[in-house]
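What follows is a short report on a single structure.
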Amino acid sequence: MPVDFRKPAHIVVIHGVQTGEDADINCEEQVRTLINQSLADIHIDKEFDVRGYHYENINNDAQEFYRRIARAITASKPLAKRALKVVIDLVGDVVTAAKKTSTAHKIRKGLKDEILKSYRSKNQVIVVAHSLGTIYALDVINDLIGNGHYFKGDDRSTWPVQGYVSMGSPLGLALNIAGMELFRKRTIRSIRDSNYSLFPWYNYYNRLDPVVSGSVFGKPCDIDGVKGPVEERYGPSVKASNWLLRGHPVTSGDQWLAAHVAYWSKPMIGDRLVDLLTRN
Amino acid sequence: MNRMTAPVALILAVAISGCVHSYQYLATGQVMTASEEERHALLYWRADEGRLWYGREYAQVEQTPVMRVCGASVHPFAVTDDGHLQLDSGANDYKVLIVNDEGQLDPLEEPQRLRDGSRCGAILLDGDPVGTEALHEGARPGVAVTCENRVRSDRHPAAGIYRFNPVSRERIDDVGEAPSCAELFD
């Protein structure tokens with residue numbers, strides 16, 4: 001089922017930690033706006049389609065038991081009830097991703113199916129992920145590379161994903177809380193028989209983003225040139241596996257959590273996506 | 001949302017972002033497309049400067065400029081291990097020129113197919129490849145393009161060296177807007 005590069009590319013967008021429900025998430029709209037703005041600025045026409053992969057309802061279903069307990073405990077305290085609901089929602093999302101839960105498996109399977117749906121219709125796919133979504137995205141891309149049916153060396157038409165753009169990723173953090181490694185280092189699968197082609201991974205990060213730095217108080221992470229936490233942790237292993245990891249420290253005039261959400265309106269990331277859309 | 005949420009959010013937003021300001025670096029020029037059409041082009045990147053919410057001084061320059069070629073293409077730069085800016089090669093890219101010691105281009109006798117992520121271009125200052133730290137306000141960068149694409153001829157500008165105008169720097173308030181071709185050249 002080879003990719004037909006004349007067909008419009010599909011951009012699959014994966015959100016990060018969220019509160020609320022799938023219906024509240026508009027990450028695909030933000031990416032669509034970003035790309036359209038970049039295309040308009042440069043005076044280029046290009047057809048593409050953006051598809052969001054939402055998994056918040058899957059997480060919510062898995063957290064329902066804990067929500068019920070929280071509701072019972074805080075029945076007469078509306079503020080505490082609201083706060084606990086948000087905490088369960090946010091912490092639950094992270095713990096689900098960190099542990100080998102059936103919920104995380106379901107999320108990864110859903111994302112893989114979404115990517116393969118586009119691949120089967122012969123559309124090339126570019127994956128864009130934010131925050132916690134970068135972990136699911138990396139796992140699924142890795143899984144596809146490990147599957148013998150895809151990523152056959154230099155023949156890019158066998159690649160279900162043509163490129164990966166991560167934003168505000170915690171993948172560089174080696175955090176261990178209460179004996180649980182939150183973002184364990186993934187083994188990067190190798191693209192076999194590739195003489196010229198490397199799988200491109202563009203990682204955009206802000207030093208002031210606490211999800212990147214791991215600093216609750218927003219202390220900037222140390223970087224070496226363009227090598228941030230993700231590049232330091234994954235650089236050597238991706239190089240050995242025929243991936244091309246490029247770090248891009250970005251700025252937005254924001255600090256702390258505002259820096260974590262500013263990627264969605266970053267023109268430089270829109271430009272990168274246009275570059276990927278017009279590449280093949 | 002209760003009545004206090006918006007004002008509290010506003011105060012928090014000002015507190016955590018008010019002390020760091022964004023600056024934009026910009027250089028304009030002209031490049032030739034592979035189909036020999038002259039196009040306006042621009043290089044841009046940004047920096048944050050100021051103090052963090054707890055008083056510490058902070059400065060960060062975006063080290064990977066983007067080149068926008070109006071009506072044609074967009075080219076994000078990457079940084080090599082030696083700190084120089086480069087245009088990464090991709091599928092079906094062949095090196096056809098090399099930058100010599102004088103910062104001029106020499107043709108390769110035999111075009112060389114490149115592995116992805118190899119140098120297909122560079123930003124030069126006085127003929128030497130540089131990183132963003134050398135591109136201060138007033139510097140006159142050149143962009144060297146050294147590849148051709150055998151499948152998508154419009155993938156890169158025509159191989160050659162393009163001189164850009166001096167780099168300008170200005171403070172920006174709307175970080176969601178990048179310099180556009182219409183704004184700069186129409």
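Convention: chains lettered A, B, ... in structure tokens order; per-chain residue numbering from 1; ligands numbered from 1 as shown.
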
Quick one: which residues from chain A are at most 6 Å off chain B, using only C-alpha atoms, as a ChimeraX atom specification?
/A:41-44,196-198,249-251,253-255,265-267,275

Could you please take those selected residues and save N, CA and C atoms as a short mmCIF file (atom, residue, chain, number, x, y, z; two decimals), in the first residue's frame?
data_model
loop_
_atom_site.label_atom_id
_atom_site.label_comp_id
_atom_site.auth_asym_id
_atom_site.auth_seq_id
_atom_site.Cartn_x
_atom_site.Cartn_y
_atom_site.Cartn_z
N ASP A 41 1.59 33.73 4.19
CA ASP A 41 2.73 34.65 4.34
C ASP A 41 3.73 34.50 3.20
N ILE A 42 3.91 33.24 2.75
CA ILE A 42 4.95 32.96 1.75
C ILE A 42 4.37 32.95 0.33
N HIS A 43 3.05 33.05 0.24
CA HIS A 43 2.38 33.00 -1.06
C HIS A 43 2.56 31.63 -1.73
N ILE A 44 2.27 30.59 -1.00
CA ILE A 44 2.33 29.24 -1.57
C ILE A 44 0.95 28.60 -1.42
N TYR A 196 20.46 6.17 2.44
CA TYR A 196 20.41 7.63 2.34
C TYR A 196 19.35 8.26 3.26
N SER A 197 18.29 7.51 3.57
CA SER A 197 17.13 8.12 4.22
C SER A 197 17.17 7.98 5.73
N LEU A 198 16.90 9.09 6.40
CA LEU A 198 16.80 9.11 7.85
C LEU A 198 15.39 9.57 8.21
N PRO A 249 15.51 25.18 19.90
CA PRO A 249 15.07 26.00 21.03
C PRO A 249 14.29 27.21 20.50
N VAL A 250 13.12 27.43 21.06
CA VAL A 250 12.29 28.55 20.58
C VAL A 250 11.99 29.52 21.71
N THR A 251 11.50 30.67 21.33
CA THR A 251 11.15 31.70 22.29
C THR A 251 9.72 32.16 22.00
N GLY A 253 8.42 34.96 24.42
CA GLY A 253 8.15 36.06 25.34
C GLY A 253 7.36 35.60 26.55
N ASP A 254 7.17 34.30 26.67
CA ASP A 254 6.37 33.76 27.78
C ASP A 254 7.24 32.99 28.75
N GLN A 255 6.71 32.82 29.95
CA GLN A 255 7.39 32.02 30.95
C GLN A 255 6.43 30.96 31.48
N SER A 265 1.05 28.58 18.45
CA SER A 265 0.94 29.77 17.61
C SER A 265 2.31 30.24 17.14
N LYS A 266 3.25 29.34 17.08
CA LYS A 266 4.63 29.69 16.74
C LYS A 266 4.83 29.60 15.22
N PRO A 267 5.04 30.74 14.53
CA PRO A 267 5.16 30.70 13.07
C PRO A 267 6.28 29.79 12.57
N ASP A 275 7.39 23.15 5.19
CA ASP A 275 8.58 22.50 4.63
C ASP A 275 8.33 21.00 4.45
#

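Taking CA of Phe199 (chain A) and CA of Arg246 (chain A) as the two end points, the separation is 10.9 Å.
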
Quick one: residues within 10 Å of Ile11 (chain A), only C-alpha atoms counted, chain neighbours fewer than 2 positions away excluded, as a count of residues only?
25

Write out as number ranges by chain the set of residues from region 19-238 of chain A that DSSP, computed on the backbone, places in helix (DSSP H, G or I).
A: 22-24, 27-42, 56-73, 78-98, 102-120, 133-146, 156-158, 210-213, 229-238

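Assigned to strand (DSSP E) in region 34-238 of chain A, given DSSP computed from backbone atoms, are Phe48, Asp49, Val50, Arg51, Gly52, Tyr53, Val125, Ile126, Val127, Val128, Ala129, His130, Gly163, Tyr164, Val165, Ser166, Met167, Asn176, Ile177, Met180, Glu181, Phe199, Pro200, Trp201, Tyr202, Asn203, Tyr204 and Tyr205 of chain A.
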
Dump C-alpha atoms for the selected residues as a PDB file, in the first residue's frame?
ATOM      1  CA  PHE A  48      -3.352  19.227   3.048  1.00  0.00           C
ATOM      2  CA  ASP A  49      -5.635  17.806   5.683  1.00  0.00           C
ATOM      3  CA  VAL A  50      -5.283  18.019   9.461  1.00  0.00           C
ATOM      4  CA  ARG A  51      -6.705  15.314  11.707  1.00  0.00           C
ATOM      5  CA  GLY A  52      -6.718  15.444  15.467  1.00  0.00           C
ATOM      6  CA  TYR A  53      -6.261  12.318  17.518  1.00  0.00           C
ATOM      7  CA  VAL A 125       1.371  11.355   7.159  1.00  0.00           C
ATOM      8  CA  ILE A 126       3.201  13.918   9.265  1.00  0.00           C
ATOM      9  CA  VAL A 127       2.791  13.552  13.018  1.00  0.00           C
ATOM     10  CA  VAL A 128       2.659  16.622  15.274  1.00  0.00           C
ATOM     11  CA  ALA A 129       2.493  16.117  19.021  1.00  0.00           C
ATOM     12  CA  HIS A 130       2.505  18.299  22.100  1.00  0.00           C
ATOM     13  CA  GLY A 163       8.172  13.064   9.711  1.00  0.00           C
ATOM     14  CA  TYR A 164       7.604  13.838  13.364  1.00  0.00           C
ATOM     15  CA  VAL A 165       7.339  17.271  14.991  1.00  0.00           C
ATOM     16  CA  SER A 166       7.325  17.341  18.786  1.00  0.00           C
ATOM     17  CA  MET A 167       6.607  20.441  20.889  1.00  0.00           C
ATOM     18  CA  ASN A 176      11.443   9.130  39.221  1.00  0.00           C
ATOM     19  CA  ILE A 177       8.558   9.693  41.625  1.00  0.00           C
ATOM     20  CA  MET A 180       7.828   5.106  39.251  1.00  0.00           C
ATOM     21  CA  GLU A 181       9.874   6.289  36.275  1.00  0.00           C
ATOM     22  CA  PHE A 199      13.522   9.434   9.708  1.00  0.00           C
ATOM     23  CA  PRO A 200      13.190  13.165  10.518  1.00  0.00           C
ATOM     24  CA  TRP A 201      12.258  14.194  14.072  1.00  0.00           C
ATOM     25  CA  TYR A 202      12.097  17.932  14.768  1.00  0.00           C
ATOM     26  CA  ASN A 203      11.881  18.773  18.439  1.00  0.00           C
ATOM     27  CA  TYR A 204      10.778  22.310  19.381  1.00  0.00           C
ATOM     28  CA  TYR A 205      11.251  23.341  22.969  1.00  0.00           C
TER      29      TYR A 205
END

What separation in Å, quoted to one decimal, exists between CA of Phe151 (chain A) and CA of Arg150 (chain B)?
21.8 Å
